[in-house]
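Heads up, coords.tsv below (TSV, C-alpha atoms):
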chain	number	residue	atom	x	y	z
X	1	MET	CA	-15.47	14.05	-29.15
X	2	ASP	CA	-18.13	12.53	-26.91
X	3	ILE	CA	-16.32	11.15	-23.87
X	4	LYS	CA	-19.56	9.53	-22.72
X	5	LYS	CA	-19.25	7.03	-25.56
X	6	LEU	CA	-15.85	5.97	-24.20
X	7	ILE	CA	-16.86	5.45	-20.60
X	8	GLY	CA	-20.23	3.78	-21.14
X	9	GLU	CA	-22.64	3.93	-18.22
X	10	THR	CA	-20.15	5.60	-15.86
X	11	THR	CA	-21.28	9.09	-14.92
X	12	GLU	CA	-18.04	10.24	-13.27
X	13	TYR	CA	-14.84	10.71	-15.23
X	14	ASP	CA	-11.60	12.63	-15.31
X	15	LYS	CA	-9.24	13.21	-18.21
X	16	LYS	CA	-5.50	13.66	-18.47
X	17	GLN	CA	-3.43	14.59	-21.48
X	18	ALA	CA	-0.55	12.35	-20.41
X	19	VAL	CA	0.57	10.02	-17.64
X	20	GLU	CA	2.46	12.41	-15.37
X	21	LYS	CA	5.13	10.18	-13.87
X	22	LYS	CA	6.59	12.90	-11.68
X	23	LYS	CA	3.18	14.07	-10.46
X	24	ILE	CA	1.51	10.78	-9.60
X	25	LYS	CA	-0.81	12.38	-7.08
X	26	SER	CA	-2.33	14.56	-9.82
X	27	TRP	CA	-4.16	11.54	-11.24
X	28	CYS	CA	-4.03	9.00	-8.41
X	29	LYS	CA	-6.27	11.27	-6.33
X	30	SER	CA	-9.02	10.65	-8.89
X	31	VAL	CA	-8.64	6.91	-8.38
X	32	SER	CA	-9.08	7.41	-4.62
X	33	ALA	CA	-12.08	9.68	-5.17
X	34	PHE	CA	-13.83	7.30	-7.57
X	35	ALA	CA	-13.33	4.34	-5.22
X	36	ASN	CA	-14.66	6.36	-2.28
X	37	THR	CA	-17.80	7.51	-4.07
X	38	PHE	CA	-19.63	6.03	-7.04
X	39	GLY	CA	-16.81	4.75	-9.23
X	40	GLY	CA	-15.63	6.41	-12.41
X	41	SER	CA	-13.24	6.39	-15.35
X	42	LEU	CA	-9.89	8.08	-15.78
X	43	VAL	CA	-9.02	8.72	-19.44
X	44	PHE	CA	-5.43	9.35	-20.52
X	45	GLY	CA	-4.69	10.93	-23.90
X	46	ILE	CA	-7.25	13.74	-23.98
X	47	SER	CA	-6.41	17.41	-23.45
X	48	ASN	CA	-8.40	19.82	-21.28
X	49	ASP	CA	-10.27	21.09	-24.34
X	50	ASP	CA	-11.24	17.51	-25.29
X	51	GLU	CA	-8.72	17.18	-28.11
X	52	ILE	CA	-7.50	13.63	-28.68
X	53	VAL	CA	-3.72	13.70	-28.40
X	54	GLY	CA	-3.14	10.02	-27.68
X	55	ILE	CA	-0.56	8.15	-25.64
X	56	ILE	CA	2.80	7.31	-27.22
X	57	ASP	CA	3.78	4.30	-25.11
X	58	GLY	CA	0.46	2.67	-24.25
X	59	LYS	CA	1.92	-0.59	-22.94
X	60	GLY	CA	4.59	1.07	-20.80
X	61	ASP	CA	2.27	3.74	-19.46
X	62	SER	CA	-0.46	1.25	-18.62
X	63	GLU	CA	2.00	-0.87	-16.64
X	64	PHE	CA	3.17	2.25	-14.81
X	65	ILE	CA	-0.42	3.25	-14.00
X	66	SER	CA	-1.27	-0.20	-12.67
X	67	GLN	CA	1.90	-0.35	-10.56
X	68	LYS	CA	1.36	3.09	-9.01
X	69	ILE	CA	-2.29	2.46	-8.18
X	70	LYS	CA	-1.24	-0.68	-6.31
X	71	GLU	CA	1.60	1.18	-4.56
X	72	ARG	CA	-0.14	4.46	-3.74
X	73	ILE	CA	-3.80	3.60	-3.10
X	74	SER	CA	-4.59	1.72	0.11
X	75	PRO	CA	-6.43	-0.57	0.19
X	76	ILE	CA	-6.06	-1.40	-3.51
X	77	PRO	CA	-9.37	-0.64	-5.28
X	78	ALA	CA	-10.97	-2.78	-7.96
X	79	PHE	CA	-10.00	-1.31	-11.33
X	80	ASN	CA	-9.69	-2.28	-14.96
X	81	LEU	CA	-7.31	-0.98	-17.64
X	82	ARG	CA	-8.37	-0.90	-21.27
X	83	PHE	CA	-7.36	0.73	-24.54
X	84	GLU	CA	-9.32	2.64	-27.15
X	85	VAL	CA	-8.01	3.80	-30.54
X	86	ILE	CA	-9.63	6.87	-32.10
X	87	ASP	CA	-8.37	8.42	-35.32
X	88	GLY	CA	-5.24	6.31	-35.03
X	89	LYS	CA	-4.46	7.62	-31.54
X	90	GLU	CA	-4.38	5.33	-28.53
X	91	LEU	CA	-6.10	6.18	-25.25
X	92	ILE	CA	-5.77	4.46	-21.89
X	93	ILE	CA	-8.93	4.20	-19.81
X	94	VAL	CA	-8.87	3.21	-16.15
X	95	ASP	CA	-12.29	2.11	-14.90
X	96	VAL	CA	-12.42	2.33	-11.10
X	97	MET	CA	-15.22	0.53	-9.27
X	98	ALA	CA	-16.98	2.00	-6.25
X	99	GLY	CA	-15.39	0.35	-3.23
X	100	LYS	CA	-16.96	-1.28	-0.20
X	101	ASP	CA	-13.90	-1.07	2.09
X	102	THR	CA	-13.79	2.70	2.25
X	103	PRO	CA	-11.86	4.90	2.79
X	104	PHE	CA	-9.37	4.39	-0.04
X	105	TYR	CA	-6.30	6.54	0.60
X	106	TYR	CA	-3.61	8.09	-1.51
X	107	VAL	CA	-0.39	7.31	0.37
X	108	GLY	CA	2.76	9.04	-0.81
X	109	ASP	CA	4.80	12.25	-0.77
X	110	GLY	CA	4.64	12.15	3.03
X	111	THR	CA	0.84	12.36	3.04
X	112	THR	CA	-2.10	10.07	3.73
X	113	GLU	CA	-5.24	11.52	2.18
X	114	ALA	CA	-8.65	10.24	1.16
X	115	TYR	CA	-10.37	11.95	-1.75
X	116	ILE	CA	-14.01	12.22	-2.80
X	117	ARG	CA	-15.74	13.60	-5.88
X	118	VAL	CA	-17.40	16.99	-5.60
X	119	GLY	CA	-18.85	18.02	-8.92
X	120	ASN	CA	-16.17	17.28	-11.51
X	121	GLU	CA	-13.27	17.57	-9.06
X	122	SER	CA	-11.43	15.23	-6.70
X	123	VAL	CA	-11.07	16.93	-3.32
X	124	ILE	CA	-9.64	15.88	0.04
X	125	ALA	CA	-12.28	14.42	2.34
X	126	ASN	CA	-12.75	16.49	5.46
X	127	ALA	CA	-13.28	15.03	8.92
X	128	MET	CA	-17.04	14.63	8.52
X	129	GLU	CA	-16.67	12.95	5.12
X	130	LEU	CA	-14.11	10.55	6.59
X	131	LYS	CA	-16.54	9.69	9.35
X	132	ARG	CA	-19.19	8.99	6.70
X	133	LEU	CA	-16.75	6.68	4.91
X	134	VAL	CA	-16.15	4.84	8.19
X	135	PRO	CA	-19.69	4.82	9.64
X	136	ASN	CA	-18.82	2.79	12.75
X	137	LEU	CA	-15.94	5.05	13.78
X	138	ASN	CA	-16.44	7.15	16.90
X	139	TYR	CA	-14.15	10.17	17.17
X	140	ASN	CA	-13.90	10.23	20.96
X	141	ALA	CA	-13.61	6.45	21.31
X	142	VAL	CA	-10.69	6.36	18.89
X	143	GLU	CA	-8.74	8.90	21.01
X	144	MET	CA	-7.03	10.09	17.88
X	145	ILE	CA	-6.27	13.66	18.90
X	146	ASN	CA	-4.53	12.67	22.12
X	147	GLY	CA	-2.18	10.43	20.17
X	148	VAL	CA	-3.29	7.27	21.96
X	149	ASP	CA	-2.51	4.23	19.80
X	150	LEU	CA	-5.32	1.97	18.71
X	151	GLN	CA	-5.30	-1.68	19.77
X	152	ASP	CA	-2.65	-3.91	18.23
X	153	THR	CA	-5.34	-5.79	16.33
X	154	VAL	CA	-6.49	-2.70	14.44
X	155	SER	CA	-6.27	-2.98	10.67
X	156	LYS	CA	-3.88	-1.01	8.49
X	157	THR	CA	-6.83	0.83	6.99
X	158	SER	CA	-8.02	1.91	10.43
X	159	LYS	CA	-4.55	3.22	11.23
X	160	LEU	CA	-4.60	5.22	8.02
X	161	THR	CA	-8.04	6.51	8.97
X	162	LYS	CA	-6.76	7.58	12.37
X	163	ASN	CA	-3.87	9.52	10.81
X	164	ALA	CA	-6.05	11.09	8.15
X	165	LEU	CA	-8.68	12.06	10.70
X	166	GLU	CA	-6.06	13.70	12.89
X	167	LYS	CA	-4.88	15.82	10.00
X	168	ALA	CA	-8.38	16.59	8.73
X	169	LEU	CA	-9.61	17.61	12.18
X	170	GLU	CA	-6.57	19.78	12.83
X	171	ASN	CA	-7.07	21.52	9.49
X	172	GLU	CA	-10.76	21.96	10.26
X	173	ILE	CA	-9.98	23.58	13.63
X	174	VAL	CA	-7.45	25.94	12.04
X	175	GLU	CA	-9.96	26.90	9.35
X	176	LEU	CA	-12.61	27.63	11.99
X	177	MET	CA	-10.13	29.90	13.79
X	178	ARG	CA	-9.29	31.62	10.51
X	179	GLN	CA	-12.94	32.26	9.67
X	180	GLU	CA	-14.03	33.12	13.22
X	181	PRO	CA	-11.03	34.52	15.16
X	182	LYS	CA	-13.15	34.96	18.30
X	183	ILE	CA	-14.52	31.41	18.32
X	184	THR	CA	-14.33	29.69	21.70
X	185	GLN	CA	-13.01	26.22	22.48
X	186	VAL	CA	-16.52	25.11	23.41
X	187	GLU	CA	-17.85	26.27	20.03
X	188	ILE	CA	-14.99	24.52	18.22
X	189	ALA	CA	-15.70	21.28	20.10
X	190	GLU	CA	-19.38	21.44	19.12
X	191	LYS	CA	-18.62	22.07	15.45
X	192	VAL	CA	-16.01	19.34	14.98
X	193	GLY	CA	-17.69	16.76	17.22
X	194	LEU	CA	-14.92	16.39	19.80
X	195	SER	CA	-14.81	16.79	23.55
X	196	ARG	CA	-13.52	20.10	24.88
X	197	SER	CA	-10.53	18.37	26.47
X	198	LYS	CA	-9.44	17.01	23.10
X	199	VAL	CA	-9.82	20.42	21.48
X	200	GLN	CA	-7.72	21.90	24.30
X	201	SER	CA	-5.05	19.28	23.62
X	202	VAL	CA	-4.93	20.16	19.92
X	203	ILE	CA	-4.81	23.91	20.61
X	204	LYS	CA	-2.02	23.41	23.16
X	205	ARG	CA	-0.01	21.55	20.52
X	206	PHE	CA	-0.69	24.32	17.99
X	207	LEU	CA	0.52	26.96	20.44
X	208	GLU	CA	3.66	25.00	21.34
X	209	SER	CA	4.53	24.47	17.68
X	210	ASP	CA	3.92	28.18	16.96
X	211	ARG	CA	1.23	27.34	14.41
X	212	ILE	CA	-1.23	29.74	16.04
X	213	GLU	CA	-1.15	32.62	18.50
X	214	ARG	CA	-3.70	33.83	21.04
X	215	THR	CA	-3.98	37.60	21.48
X	216	GLY	CA	-6.08	39.24	24.19
X	217	GLY	CA	-7.70	37.60	27.17
X	218	ARG	CA	-9.53	34.32	27.47
X	219	ARG	CA	-12.94	35.98	27.18
X	220	TYR	CA	-12.33	38.61	24.50
X	221	GLY	CA	-9.24	37.27	22.80
X	222	ARG	CA	-8.65	36.33	19.18
X	223	TRP	CA	-6.87	33.52	17.33
X	224	PHE	CA	-4.13	34.40	14.90
X	225	ILE	CA	-3.03	31.79	12.33
X	226	LYS	CA	0.70	31.97	11.58
X	227	GLU	CA	0.95	29.49	8.71

Can you turn what I pasted into structure tokens?
Amino acid sequence: MDIKKLIGETTEYDKKQAVEKKKIKSWCKSVSAFANTFGGSLVFGISNDDEIVGIIDGKGDSEFISQKIKERISPIPAFNLRFEVIDGKELIIVDVMAGKDTPFYYVGDGTTEAYIRVGNESVIANAMELKRLVPNLNYNAVEMINGVDLQDTVSKTSKLTKNALEKALENEIVELMRQEPKITQVEIAEKVGLSRSKVQSVIKRFLESDRIERTGGRRYGRWFIKE
């Protein structure tokens, strides 16, 4: 089956055999990724090997999809639900438009994450990608790592961005330590685009929470990741 005929001019698409109601993130992350990049289509009723299996309860599943997109993606992206019938089997297609008010986050399961498309996958946006999605955001001005609240007038989306950036930057710092155990705080600050004082604050929190360990001296020591 030629999926391209189903999605028209859209170049990005993802396919799911069924609407996984207990694993909403598994398909909602594609909605976030499409909205954050160039748009795309999510097709339900097609297996991984492109076999048309169809959807049993098209009306019920489409209502569930629409409800969860509105509940789990913030801000709500522009999207359209439509049906296609092939060989007597019904498919649900969700066309997601590229958004202007990026980032679009998946919010649920105790997480706040923005996704982007890389190849044919939806992956979590790292700190630099988040900055690209919010071009006017300045890391140091936001004071996100120190836990300083933004002004009361800040939008909900900006608050989500602050939280997501905190997590993304922390993960990026941990990954740098994992890849380069002898990396210095100055080198970390240069690579992630933060001041040294903010990096010191993050590392102090890591040490206090027993997420990392420092072995050896300040000059010749190494980082050890415990997680």

Point to revise | Residue nearest Val134 in chain X - candidates X:Lys100, X:Lys191, X:Lys68, X:Lys16, atoms counted: only C-alpha atoms | key: X:Lys100

Study note, to complete from the structure: For Phe104 in chain X, the closest of X:Lys29, X:Gly45, X:Arg178, X:Glu172 counting all atoms listed in the file is X:Lys29

Practice item. Find, counting only C-alpha atoms, the residue in X:Trp27, X:Pro103, X:Asn126, X:Glu20 that gets nearest to Ile76 in chain X. Key: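 Among X:Trp27, X:Pro103, X:Asn126, X:Glu20, it is X:Pro103 that comes nearest to Ile76 in chain X.
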
**Study point:** All residues 9 Å or closer to range 35-43 of chain X, only C-alpha atoms, same chain fewer than 6 positions away omitted, as a PyMOL selection string
**Key:** chain X and resi 3+6-7+10-17+27+77-79+91-105+114-117+133

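If you look at CA of Phe34 in chain X and CA of Arg72 in chain X, they are 14.5 Å away from each other.
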
Exercise for review: Place a sphere of radius 6 Å on (-9.1, 10.5, 4.2) in the file coordinates and name every protein, DNA or RNA residue with an atom inside or on its surface, counting only C-alpha atoms; give the answer as a ChimeraX atom specification.
Suggested key: /X:113-114,125,130,164

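Of the residues listed (X:Tyr106, X:Glu227, X:Ile56, X:Leu194), X:Glu227 shows the shortest atom-to-atom separation from Ser209 in chain X; distances use only C-alpha atoms.
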
Review point. In Å, how far is it from CA of Arg211 in chain X to CA of Thr112 in chain X?
Key: 20.6 Å

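Nearest residue to Gln67 in chain X among X:Leu81, X:Gly221, X:Asp49, X:Asp87 is X:Leu81, counting all atoms listed in the file.
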
Revision key, fill the gap. With distances taken over all atoms listed in the file, the candidate from X:Glu129, X:Val192, X:Glu180, X:Gln185 nearest Lys204 in chain X is X:Gln185

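Reported to one decimal place, the separation of CA of Gly110 in chain X from CA of Asn48 in chain X is 28.6 Å.
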
Point to revise | Polymer residues at most 12 Å from Val174 in chain X, all atoms listed in the file, same-chain spacing of 3 or more positions, as a PyMOL selection string | key: chain X and resi 167-171+177-181+183+185+188+192+199+202-203+206-207+211-213+223-227
